[in-house]
file work-v7.cif (mmCIF, C-alpha atoms)
data_query
loop_
_atom_site.group_PDB
_atom_site.id
_atom_site.type_symbol
_atom_site.label_atom_id
_atom_site.label_comp_id
_atom_site.auth_asym_id
_atom_site.auth_seq_id
_atom_site.Cartn_x
_atom_site.Cartn_y
_atom_site.Cartn_z
ATOM 1 C CA MET O 1 162.549 33.450 143.211
ATOM 2 C CA THR O 2 162.160 32.542 146.866
ATOM 3 C CA HIS O 3 162.458 34.896 149.810
ATOM 4 C CA SER O 4 163.575 33.783 153.244
ATOM 5 C CA ILE O 5 162.022 35.199 156.375
ATOM 6 C CA SER O 6 165.364 36.683 157.378
ATOM 7 C CA SER O 7 165.674 38.520 154.042
ATOM 8 C CA GLN O 8 162.142 39.851 154.541
ATOM 9 C CA THR O 9 163.099 41.245 157.931
ATOM 10 C CA SER O 10 166.231 42.833 156.492
ATOM 11 C CA GLU O 11 164.190 44.428 153.712
ATOM 12 C CA LEU O 12 161.819 45.947 156.231
ATOM 13 C CA GLU O 13 164.678 47.499 158.160
ATOM 14 C CA HIS O 14 165.671 49.403 155.019
ATOM 15 C CA TRP O 15 162.238 50.795 154.257
ATOM 16 C CA SER O 16 162.131 54.559 154.129
ATOM 17 C CA LEU O 17 159.420 56.690 155.702
ATOM 18 C CA LEU O 18 157.565 56.759 152.384
ATOM 19 C CA ILE O 19 156.857 53.481 150.589
ATOM 20 C CA GLN O 20 155.093 52.726 147.320
ATOM 21 C CA PRO O 21 151.810 50.787 147.139
ATOM 22 C CA GLN O 22 153.273 47.939 145.085
ATOM 23 C CA GLN O 23 156.180 47.697 147.518
ATOM 24 C CA LEU O 24 153.775 47.063 150.373
ATOM 25 C CA LEU O 25 151.711 44.561 148.388
ATOM 26 C CA ASP O 26 154.806 42.588 147.400
ATOM 27 C CA TYR O 27 155.915 42.457 151.013
ATOM 28 C CA MET O 28 152.517 41.338 152.287
ATOM 29 C CA GLN O 29 152.462 38.416 149.865
ATOM 30 C CA ARG O 30 155.638 36.892 151.296
ATOM 31 C CA PRO O 31 156.252 35.264 154.696
ATOM 32 C CA THR O 32 157.745 37.364 157.460
ATOM 33 C CA GLU O 33 158.432 37.165 161.154
ATOM 34 C CA THR O 34 157.850 40.865 161.691
ATOM 35 C CA ARG O 35 154.355 42.149 162.376
ATOM 36 C CA VAL O 36 153.391 44.763 159.784
ATOM 37 C CA LEU O 37 150.025 46.341 160.496
ATOM 38 C CA VAL O 38 148.328 48.483 157.857
ATOM 39 C CA VAL O 39 146.428 51.327 159.516
ATOM 40 C CA ASP O 40 143.682 52.909 157.412
ATOM 41 C CA LEU O 41 142.667 56.462 158.380
ATOM 42 C CA SER O 42 139.989 56.910 155.736
ATOM 43 C CA PRO O 43 136.330 57.610 156.639
ATOM 44 C CA LYS O 44 134.734 54.559 158.224
ATOM 45 C CA ALA O 45 132.181 54.153 155.411
ATOM 46 C CA THR O 46 135.011 54.176 152.866
ATOM 47 C CA PHE O 47 136.917 51.558 154.826
ATOM 48 C CA GLU O 48 133.870 49.321 155.181
ATOM 49 C CA GLN O 49 133.181 49.528 151.455
ATOM 50 C CA GLN O 50 136.635 48.150 150.652
ATOM 51 C CA HIS O 51 140.109 48.135 152.146
ATOM 52 C CA VAL O 52 143.494 46.467 152.001
ATOM 53 C CA GLU O 53 143.162 42.938 153.320
ATOM 54 C CA GLY O 54 144.140 42.713 156.970
ATOM 55 C CA ALA O 55 144.097 46.486 157.464
ATOM 56 C CA MET O 56 142.806 48.023 160.672
ATOM 57 C CA TRP O 57 140.610 51.103 160.651
ATOM 58 C CA LEU O 58 141.448 53.921 163.029
ATOM 59 C CA ASP O 59 139.348 57.049 163.361
ATOM 60 C CA PRO O 60 141.829 59.831 162.466
ATOM 61 C CA THR O 61 140.118 62.308 164.794
ATOM 62 C CA ARG O 62 141.465 60.220 167.677
ATOM 63 C CA THR O 63 144.886 61.686 166.848
ATOM 64 C CA LYS O 64 143.559 65.077 167.970
ATOM 65 C CA THR O 65 142.621 66.457 171.364
ATOM 66 C CA HIS O 66 139.653 68.470 172.571
ATOM 67 C CA PRO O 67 138.786 72.016 171.340
ATOM 68 C CA PRO O 68 139.634 74.827 171.165
ATOM 69 C CA PHE O 69 143.189 73.827 170.210
ATOM 70 C CA ASN O 70 142.451 70.314 169.030
ATOM 71 C CA GLY O 71 145.562 70.056 166.876
ATOM 72 C CA LYS O 72 147.696 69.528 169.949
ATOM 73 C CA LEU O 73 148.873 66.110 171.096
ATOM 74 C CA PRO O 74 146.105 64.186 172.890
ATOM 75 C CA GLU O 75 146.219 63.451 176.591
ATOM 76 C CA ILE O 76 148.298 60.462 177.677
ATOM 77 C CA GLN O 77 145.201 58.308 178.296
ATOM 78 C CA GLN O 78 144.095 58.803 174.701
ATOM 79 C CA LEU O 79 147.573 58.004 173.382
ATOM 80 C CA GLN O 80 147.662 54.829 175.459
ATOM 81 C CA SER O 81 144.243 53.861 174.134
ATOM 82 C CA ILE O 82 145.466 54.169 170.539
ATOM 83 C CA ALA O 83 148.577 52.081 171.264
ATOM 84 C CA ALA O 84 146.472 49.440 173.012
ATOM 85 C CA ASP O 85 143.951 49.227 170.169
ATOM 86 C CA LEU O 86 146.841 48.750 167.732
ATOM 87 C CA ASP O 87 148.220 46.017 170.039
ATOM 88 C CA LEU O 88 151.553 47.736 169.595
ATOM 89 C CA HIS O 89 154.905 46.103 170.443
ATOM 90 C CA HIS O 90 158.362 47.629 170.143
ATOM 91 C CA ASN O 91 159.427 45.593 167.096
ATOM 92 C CA ASP O 92 156.200 46.016 165.130
ATOM 93 C CA HIS O 93 155.992 48.153 162.012
ATOM 94 C CA LEU O 94 153.004 50.326 161.165
ATOM 95 C CA VAL O 95 152.127 51.261 157.590
ATOM 96 C CA VAL O 96 149.564 54.036 157.406
ATOM 97 C CA MET O 97 147.347 55.259 154.585
ATOM 98 C CA ASP O 98 144.507 57.730 154.234
ATOM 99 C CA ALA O 99 142.107 58.779 151.483
ATOM 100 C CA GLU O 100 143.283 62.355 150.959
ATOM 101 C CA GLY O 101 146.883 62.197 149.786
ATOM 102 C CA GLY O 102 148.675 62.003 153.118
ATOM 103 C CA ALA O 103 147.626 64.776 155.535
ATOM 104 C CA TRP O 104 146.081 62.450 158.130
ATOM 105 C CA ALA O 105 148.874 59.939 157.526
ATOM 106 C CA GLY O 106 151.505 62.603 158.140
ATOM 107 C CA ARG O 107 149.794 63.647 161.354
ATOM 108 C CA PHE O 108 149.760 60.008 162.447
ATOM 109 C CA VAL O 109 153.523 59.800 161.826
ATOM 110 C CA TRP O 110 154.001 62.937 163.918
ATOM 111 C CA LEU O 111 151.908 61.445 166.713
ATOM 112 C CA MET O 112 153.833 58.182 166.746
ATOM 113 C CA LEU O 113 157.179 59.996 166.788
ATOM 114 C CA SER O 114 155.839 62.169 169.606
ATOM 115 C CA ILE O 115 155.318 59.096 171.785
ATOM 116 C CA GLY O 116 158.671 57.547 170.859
ATOM 117 C CA PHE O 117 157.611 54.970 168.250
ATOM 118 C CA SER O 118 159.562 55.286 165.000
ATOM 119 C CA ASN O 119 158.748 52.084 163.060
ATOM 120 C CA VAL O 120 156.124 53.820 160.979
ATOM 121 C CA HIS O 121 155.775 54.222 157.205
ATOM 122 C CA VAL O 122 153.343 55.958 154.870
ATOM 123 C CA VAL O 123 151.930 54.568 151.631
ATOM 124 C CA ASP O 124 152.622 57.208 148.994
ATOM 125 C CA GLY O 125 149.235 58.384 147.694
ATOM 126 C CA GLY O 126 147.405 56.203 150.208
ATOM 127 C CA ARG O 127 144.137 54.642 149.140
ATOM 128 C CA ILE O 128 143.854 56.927 146.104
ATOM 129 C CA ALA O 129 147.045 55.480 144.641
ATOM 130 C CA TRP O 130 146.264 51.919 145.768
ATOM 131 C CA GLU O 131 142.884 51.978 144.028
ATOM 132 C CA GLY O 132 144.188 53.918 141.034
ATOM 133 C CA LEU O 133 146.810 51.252 140.417
ATOM 134 C CA GLY O 134 144.151 48.548 140.586
ATOM 135 C CA LEU O 135 145.728 46.761 143.539
ATOM 136 C CA PRO O 136 143.570 44.212 145.367
ATOM 137 C CA MET O 137 141.162 45.171 148.105
ATOM 138 C CA VAL O 138 138.451 43.310 149.994
ATOM 139 C CA ASN O 139 134.906 44.370 150.784
ATOM 140 C CA THR O 140 134.327 41.998 153.655
ATOM 141 C CA LYS O 141 135.460 42.206 157.239
ATOM 142 C CA SER O 142 138.973 40.836 157.514
ATOM 143 C CA ASP O 143 140.946 40.580 160.693
ATOM 144 C CA PRO O 144 144.638 41.446 160.742
ATOM 145 C CA ALA O 145 146.904 38.445 160.337
ATOM 146 C CA ALA O 146 147.809 36.588 163.504
ATOM 147 C CA PRO O 147 150.837 38.367 164.979
ATOM 148 C CA PRO O 148 154.215 36.682 165.428
ATOM 149 C CA PRO O 149 155.153 35.448 168.913
ATOM 150 C CA ALA O 150 156.020 37.985 171.577
ATOM 151 C CA SER O 151 159.632 36.809 171.495
ATOM 152 C CA VAL O 152 159.863 38.330 167.996
ATOM 153 C CA ARG O 153 157.678 41.372 168.567
ATOM 154 C CA GLY O 154 159.440 42.572 171.700
ATOM 155 C CA SER O 155 157.728 44.033 174.730
ATOM 156 C CA VAL O 156 154.402 45.833 174.638
ATOM 157 C CA PHE O 157 154.723 49.473 173.612
ATOM 158 C CA LEU O 158 152.659 51.700 175.863
ATOM 159 C CA PRO O 159 153.562 55.395 176.044
ATOM 160 C CA ASP O 160 153.682 57.177 179.357
ATOM 161 C CA ALA O 161 154.195 60.764 180.427
ATOM 162 C CA SER O 162 157.969 60.417 180.619
ATOM 163 C CA SER O 163 158.338 58.901 177.131
ATOM 164 C CA VAL O 164 156.162 61.636 175.630
ATOM 165 C CA ALA O 165 158.103 64.331 177.492
ATOM 166 C CA ALA O 166 161.334 62.897 176.083
ATOM 167 C CA SER O 167 160.132 62.426 172.491
ATOM 168 C CA ALA O 168 157.641 65.184 171.689
ATOM 169 C CA PRO O 169 160.071 68.148 171.817
ATOM 170 C CA ALA O 170 162.048 66.607 168.943
ATOM 171 C CA VAL O 171 159.089 67.007 166.581
ATOM 172 C CA SER O 172 157.060 69.896 168.022
ATOM 173 C CA VAL O 173 157.262 73.444 169.346
ATOM 174 C CA ASP O 174 154.753 75.158 171.622
ATOM 175 C CA LEU O 175 153.434 78.716 171.494
ATOM 176 C CA SER O 176 155.933 80.305 173.869
ATOM 177 C CA THR O 177 158.920 78.653 172.207
ATOM 178 C CA LEU O 178 157.763 79.615 168.735
ATOM 179 C CA LYS O 179 157.189 83.218 169.804
ATOM 180 C CA GLU O 180 160.766 83.440 171.053
ATOM 181 C CA LEU O 181 162.123 81.916 167.833
ATOM 182 C CA VAL O 182 160.089 84.251 165.622
ATOM 183 C CA GLU O 183 161.004 87.347 167.627
ATOM 184 C CA ALA O 184 164.684 86.378 167.389
ATOM 185 C CA GLY O 185 164.464 85.551 163.680
ATOM 186 C CA GLN O 186 165.808 82.076 164.365
ATOM 187 C CA VAL O 187 163.223 79.961 162.570
ATOM 188 C CA GLN O 188 161.459 79.572 159.243
ATOM 189 C CA ILE O 189 157.697 79.145 159.241
ATOM 190 C CA TRP O 190 156.068 76.947 156.609
ATOM 191 C CA ASP O 191 152.383 77.852 156.413
ATOM 192 C CA ALA O 192 150.474 75.004 154.735
ATOM 193 C CA ARG O 193 147.076 76.749 154.594
ATOM 194 C CA SER O 194 145.318 78.276 151.602
ATOM 195 C CA ALA O 195 146.377 81.594 150.083
ATOM 196 C CA GLU O 196 143.173 83.200 151.422
ATOM 197 C CA GLU O 197 143.932 82.124 154.966
ATOM 198 C CA PHE O 198 147.561 83.196 154.683
ATOM 199 C CA ALA O 199 146.574 86.676 153.498
ATOM 200 C CA GLY O 200 143.936 87.054 156.198
ATOM 201 C CA ARG O 201 141.046 87.219 153.740
ATOM 202 C CA ARG O 202 139.385 84.186 155.271
ATOM 203 C CA VAL O 203 138.322 84.486 158.895
ATOM 204 C CA THR O 204 139.342 81.449 160.935
ATOM 205 C CA ALA O 205 140.310 83.052 164.264
ATOM 206 C CA LYS O 206 140.078 86.262 166.273
ATOM 207 C CA ASN O 207 143.127 87.528 164.401
ATOM 208 C CA ASN O 208 143.777 86.516 160.798
ATOM 209 C CA GLY O 209 146.757 86.519 158.483
ATOM 210 C CA HIS O 210 150.033 84.685 159.028
ATOM 211 C CA ILE O 211 152.966 84.518 161.400
ATOM 212 C CA LYS O 212 155.452 87.309 160.770
ATOM 213 C CA GLY O 213 157.958 86.305 158.093
ATOM 214 C CA ALA O 214 156.200 83.037 157.267
ATOM 215 C CA CYS O 215 156.573 81.348 153.884
ATOM 216 C CA HIS O 216 153.495 80.038 152.127
ATOM 217 C CA LEU O 217 153.366 76.681 150.350
ATOM 218 C CA GLU O 218 149.927 75.097 150.354
ATOM 219 C CA TRP O 219 149.903 71.415 151.199
ATOM 220 C CA THR O 220 148.010 70.350 148.062
ATOM 221 C CA SER O 221 150.775 71.707 145.810
ATOM 222 C CA LEU O 222 152.996 68.850 147.021
ATOM 223 C CA LEU O 223 150.734 66.224 145.458
ATOM 224 C CA ASP O 224 150.670 65.133 141.815
ATOM 225 C CA PRO O 225 147.055 64.584 140.694
ATOM 226 C CA ARG O 226 148.305 62.963 137.483
ATOM 227 C CA ASN O 227 150.081 60.302 139.534
ATOM 228 C CA HIS O 228 147.221 59.227 141.832
ATOM 229 C CA TYR O 229 147.957 62.038 144.279
ATOM 230 C CA ARG O 230 151.312 60.663 145.233
ATOM 231 C CA LEU O 231 153.979 63.124 146.326
ATOM 232 C CA ARG O 232 155.928 64.860 143.618
ATOM 233 C CA PRO O 233 159.534 63.659 143.160
ATOM 234 C CA ASP O 234 161.962 64.778 145.868
ATOM 235 C CA ALA O 235 163.794 67.101 143.463
ATOM 236 C CA ASP O 236 160.539 68.827 142.559
ATOM 237 C CA LEU O 237 159.532 69.120 146.206
ATOM 238 C CA SER O 238 162.886 70.685 147.068
ATOM 239 C CA LYS O 239 162.447 73.165 144.230
ATOM 240 C CA LEU O 240 158.976 74.124 145.462
ATOM 241 C CA LEU O 241 160.331 74.773 148.956
ATOM 242 C CA THR O 242 163.132 76.937 147.608
ATOM 243 C CA GLN O 243 160.722 78.918 145.440
ATOM 244 C CA ALA O 244 158.550 79.496 148.514
ATOM 245 C CA GLY O 245 161.563 81.012 150.296
ATOM 246 C CA LEU O 246 162.413 78.100 152.572
ATOM 247 C CA ASP O 247 166.092 77.327 153.152
ATOM 248 C CA PRO O 248 166.633 73.549 153.517
ATOM 249 C CA ASP O 249 169.693 74.157 155.686
ATOM 250 C CA ARG O 250 167.763 75.992 158.407
ATOM 251 C CA GLN O 251 165.187 74.785 160.908
ATOM 252 C CA ILE O 252 161.575 74.850 159.713
ATOM 253 C CA VAL O 253 158.373 74.866 161.747
ATOM 254 C CA THR O 254 155.186 74.012 159.888
ATOM 255 C CA HIS O 255 151.535 74.580 160.751
ATOM 256 C CA CYS O 256 148.023 75.001 159.350
ATOM 257 C CA GLN O 257 144.801 75.618 161.311
ATOM 258 C CA THR O 258 144.772 72.488 163.492
ATOM 259 C CA HIS O 259 147.875 70.537 162.360
ATOM 260 C CA HIS O 260 145.906 68.338 159.984
ATOM 261 C CA ARG O 261 146.973 69.709 156.601
ATOM 262 C CA SER O 262 150.442 70.385 157.977
ATOM 263 C CA GLY O 263 150.648 66.678 158.701
ATOM 264 C CA LEU O 264 151.594 66.359 155.041
ATOM 265 C CA THR O 265 154.125 69.188 155.110
ATOM 266 C CA PHE O 266 155.701 67.653 158.214
ATOM 267 C CA LEU O 267 155.848 64.329 156.375
ATOM 268 C CA VAL O 268 157.499 65.919 153.333
ATOM 269 C CA GLY O 269 160.064 67.637 155.499
ATOM 270 C CA ARG O 270 160.955 64.341 157.150
ATOM 271 C CA GLN O 271 161.101 62.601 153.783
ATOM 272 C CA LEU O 272 163.529 65.234 152.479
ATOM 273 C CA GLY O 273 165.703 64.984 155.584
ATOM 274 C CA LEU O 274 164.983 68.548 156.738
ATOM 275 C CA ASP O 275 165.202 69.851 160.277
ATOM 276 C CA ILE O 276 161.451 70.250 160.630
ATOM 277 C CA LYS O 277 159.067 70.428 163.545
ATOM 278 C CA ALA O 278 155.324 70.942 163.801
ATOM 279 C CA TYR O 279 153.510 73.673 165.652
ATOM 280 C CA PRO O 280 150.440 71.644 166.635
ATOM 281 C CA GLY O 281 148.653 74.583 168.233
ATOM 282 C CA SER O 282 148.648 76.055 164.716
ATOM 283 C CA TRP O 283 146.517 79.035 163.751
ATOM 284 C CA SER O 284 143.657 78.016 166.040
ATOM 285 C CA GLU O 285 145.990 78.914 168.906
ATOM 286 C CA TRP O 286 148.234 81.601 167.378
ATOM 287 C CA GLY O 287 145.341 83.511 165.802
ATOM 288 C CA ASN O 288 143.340 83.525 169.038
ATOM 289 C CA SER O 289 146.168 84.375 171.415
ATOM 290 C CA ASP O 290 146.320 87.782 173.094
ATOM 291 C CA SER O 291 150.127 87.701 172.977
ATOM 292 C CA THR O 292 150.822 87.203 169.257
ATOM 293 C CA GLY O 293 149.186 90.224 167.625
ATOM 294 C CA HIS O 294 152.522 91.967 166.991
ATOM 295 C CA LEU O 295 153.721 88.844 165.168
ATOM 296 C CA ILE O 296 150.872 88.636 162.647
ATOM 297 C CA GLU O 297 151.022 89.953 159.076
ATOM 298 C CA GLN O 298 148.322 90.187 156.441
ATOM 299 C CA THR O 299 150.266 90.525 153.220
ATOM 300 C CA GLY O 300 149.123 88.410 150.288
ATOM 301 C CA VAL O 301 150.884 85.597 148.487
ATOM 302 C CA ALA O 302 153.143 86.661 145.640
#
call {"tool": "encode", "arguments": {"input": "work-v7.cif", "output": "structure tokens"}}
result
Amino acid sequence: MTHSISSQTSELEHWSLLIQPQQLLDYMQRPTETRVLVVDLSPKATFEQQHVEGAMWLDPTRTKTHPPFNGKLPEIQQLQSIAADLDLHHNDHLVVMDAEGGAWAGRFVWLMLSIGFSNVHVVDGGRIAWEGLGLPMVNTKSDPAAPPPASVRGSVFLPDASSVAASAPAVSVDLSTLKELVEAGQVQIWDARSAEEFAGRRVTAKNNGHIKGACHLEWTSLLDPRNHYRLRPDADLSKLLTQAGLDPDRQIVTHCQTHHRSGLTFLVGRQLGLDIKAYPGSWSEWGNSDSTGHLIEQTGVA
């Protein structure tokens, strides 16, 4: 069976946020006019040992900003540096994978949406699934394939302050906004941290516990270790959210300590079509703020 370049482009347009490893491999083995860049967020030593042919390594810590609240969106110069290193154009597609089941990948999706770039996909299970399925990898340096001409790729994508200001509020809330929503009872909080952190038994900030009224569903419970740490089926994920007390018809804000683990919960919410935003300040900000003490609880997980 032959595949035309135009059919390849059409297929890409119908990709969902989450794609399967074999789906990506099949696509990469056929000709296409669209630039598809695989971005690998695994540790550098892991990447250098072996990686998907043509993949580019990106240090995942570059998606964060400086302490003490390093889960927040980086400064514009850092965002522009990432886009430039990816040689990003408007019509390109990014496919991201990590080596931990999707937390870094989910944060990367959040970052790209925050700067107004939406052609981004995540390999379900990332490198764990790719390797577990025995799909090919290389252990030598390989450069990404030569990109298509600029006439196909569109103009260079370089975020600026105005594009971030327009895009970021659609996927994030800040401390003051979240405080107002919690005080008014107008939001659901999805806490992706461990049960010990949620209950306040583990000290990670000046104040410990969880945001008043928050629901707890640890990020690792979304992954299926028997299926190469890919996400559980959508129906099972929806059931887990309901059991945790989250209503899929209401807005959800998710967080962890530094919006790393909650990268996965943000990703799952997007995959399920939920109205979900991230609180990137997360507990490192909320738990150390002098204005949130009345909105912190220390009850355990049922």
call {"tool": "atom_distance", "arguments": {"input": "work-v7.cif", "atom1": "atom CA of O:Lys179", "atom2": "atom CA of O:Ser114"}}
result
21.1 Å
call {"tool": "resolve_selection", "arguments": {"input": "work-v7.cif", "expression": "the PyMOL selection byres ((chain O and resi 234-237) around 10)", "output": "list in words"}}
result
Ser221, Leu222, Leu223, Leu231, Arg232, Pro233, Ser238, Lys239, Leu240, Leu241, Thr242, Gln243, Val268, Gly269, Gln271 and Leu272 of chain O
call {"tool": "write_last_selection", "arguments": {"input": "work-v7.cif", "atoms": "C-alpha atoms", "output": "compact mmCIF listing (two decimals), keeping the file's coordinate frame"}}
result
# COMPACT_ATOMS: atom_id res chain seq x y z
CA SER O 221 150.78 71.71 145.81
CA LEU O 222 153.00 68.85 147.02
CA LEU O 223 150.73 66.22 145.46
CA LEU O 231 153.98 63.12 146.33
CA ARG O 232 155.93 64.86 143.62
CA PRO O 233 159.53 63.66 143.16
CA SER O 238 162.89 70.68 147.07
CA LYS O 239 162.45 73.17 144.23
CA LEU O 240 158.98 74.12 145.46
CA LEU O 241 160.33 74.77 148.96
CA THR O 242 163.13 76.94 147.61
CA GLN O 243 160.72 78.92 145.44
CA VAL O 268 157.50 65.92 153.33
CA GLY O 269 160.06 67.64 155.50
CA GLN O 271 161.10 62.60 153.78
CA LEU O 272 163.53 65.23 152.48
call {"tool": "closest_residue", "arguments": {"input": "work-v7.cif", "among": "O:Glu183, O:Asp85, O:Asp224, O:Asp124", "to": "O:Phe157", "atoms": "all atoms listed in the file"}}
result
O:Asp85
call {"tool": "closest_residue", "arguments": {"input": "work-v7.cif", "among": "O:Leu175, O:Leu37, O:Val122, O:Ile128", "to": "O:Leu88", "atoms": "all atoms listed in the file"}}
result
O:Leu37
call {"tool": "residues_around", "arguments": {"input": "work-v7.cif", "residues": "O:Glu196", "least_positions_apart": "4", "cutoff": "12 Å", "atoms": "all atoms listed in the file", "output": "PyMOL selection string"}}
result
chain O and resi 191-192+200-204+208-210+216+218+298-301
call {"tool": "atom_distance", "arguments": {"input": "work-v7.cif", "atom1": "atom CA of O:Ala168", "atom2": "atom CA of O:Val152"}}
result
27.2 Å
call {"tool": "resolve_selection", "arguments": {"input": "work-v7.cif", "expression": "the PyMOL selection byres ((chain O and resi 211) around 9)", "output": "list in words"}}
result
Val182, Ile189, Asp191, Phe198, Gly209, His210, Lys212, Gly213, Ala214, Cys215, Trp283, Trp286, Gly287, Thr292, Leu295, Ile296, Glu297 and Gln298 of chain O
call {"tool": "closest_atom_pairs", "arguments": {"input": "work-v7.cif", "of": "stretch 59-126 of chain O", "to": "stretch 273-278 of chain O", "cutoff": "10 Å", "atoms": "all atoms listed in the file", "output": "CSV"}}
result
residue,atom,partner,partner_atom,distance
O:Lys72,CA,O:Ala278,CA,9.9
O:Arg107,CA,O:Ala278,CA,9.5
O:Trp110,CA,O:Ala278,CA,8.1
call {"tool": "residues_near_point", "arguments": {"input": "work-v7.cif", "point": "(147.1, 66.6, 154.9)", "cutoff": "8 Å", "atoms": "all atoms listed in the file", "output": "list of chain:residue names"}}
result
O:Glu100, O:Gly101, O:Gly102, O:Ala103, O:Trp104, O:Ala105, O:Gly106, O:Arg107, O:Trp219, O:Thr220, O:His260, O:Arg261, O:Ser262, O:Gly263, O:Leu264, O:Thr265
call {"tool": "axis_aligned_box", "arguments": {"input": "work-v7.cif", "around": "stretch 270-286 of chain O", "padding_each_side": "5 Å", "output": "JSON"}}
result
{"center_x": 154.7, "center_y": 72.1, "center_z": 160.7, "size_x": 32.0, "size_y": 29.0, "size_z": 26.4}
call {"tool": "resolve_selection", "arguments": {"input": "work-v7.cif", "expression": "the PyMOL selection byres ((chain O and resi 279) around 7)", "output": "ChimeraX atom specification"}}
result
/O:172-174,253-255,277-278,280-282
call {"tool": "atom_distance", "arguments": {"input": "work-v7.cif", "atom1": "atom CA of O:Val96", "atom2": "atom CA of O:Thr140"}}
result
19.8 Å
call {"tool": "residues_near_point", "arguments": {"input": "work-v7.cif", "point": "(163.1, 63.2, 167.9)", "cutoff": "8 Å", "atoms": "all atoms listed in the file", "output": "JSON, numbers by chain"}}
result
{"O": [113, 114, 116, 167, 168, 169, 170, 171]}
call {"tool": "write_last_selection", "arguments": {"input": "work-v7.cif", "atoms": "C-alpha atoms", "output": "PDB file, in the frame of the given file"}}
result
ATOM      1  CA  LEU O 113     157.179  59.996 166.788  1.00  0.00           C
ATOM      2  CA  SER O 114     155.839  62.169 169.606  1.00  0.00           C
ATOM      3  CA  GLY O 116     158.671  57.547 170.859  1.00  0.00           C
ATOM      4  CA  SER O 167     160.132  62.426 172.491  1.00  0.00           C
ATOM      5  CA  ALA O 168     157.641  65.184 171.689  1.00  0.00           C
ATOM      6  CA  PRO O 169     160.071  68.148 171.817  1.00  0.00           C
ATOM      7  CA  ALA O 170     162.048  66.607 168.943  1.00  0.00           C
ATOM      8  CA  VAL O 171     159.089  67.007 166.581  1.00  0.00           C
TER       9      VAL O 171
END
call {"tool": "residues_around", "arguments": {"input": "work-v7.cif", "residues": "O:Gln22", "least_positions_apart": "4", "cutoff": "9 Å", "atoms": "all atoms listed in the file", "output": "list in words"}}
result
Asp26, Tyr27, Trp130, Leu133 and Leu135 of chain O
call {"tool": "closest_atom_pairs", "arguments": {"input": "work-v7.cif", "of": "stretch 160-243 of chain O", "to": "stretch 77-84 of chain O", "cutoff": "10 Å", "atoms": "all atoms listed in the file", "output": "tab-separated table"}}
result
residue	atom	partner	partner_atom	distance
O:Asp160	CA	O:Gln80	CA	7.5
O:Ala161	CA	O:Gln77	CA	9.6
O:Val164	CA	O:Leu79	CA	9.6
call {"tool": "write_last_selection", "arguments": {"input": "work-v7.cif", "atoms": "C-alpha atoms", "output": "PDB file, keeping the file's coordinate frame"}}
result
ATOM      1  CA  ASP O 160     153.682  57.177 179.357  1.00  0.00           C
ATOM      2  CA  ALA O 161     154.195  60.764 180.427  1.00  0.00           C
ATOM      3  CA  VAL O 164     156.162  61.636 175.630  1.00  0.00           C
TER       4      VAL O 164
END
call {"tool": "closest_residue", "arguments": {"input": "work-v7.cif", "among": "O:Ala166, O:Val120, O:Ala205, O:Ala184", "to": "O:Ser16", "atoms": "all atoms listed in the file"}}
result
O:Val120
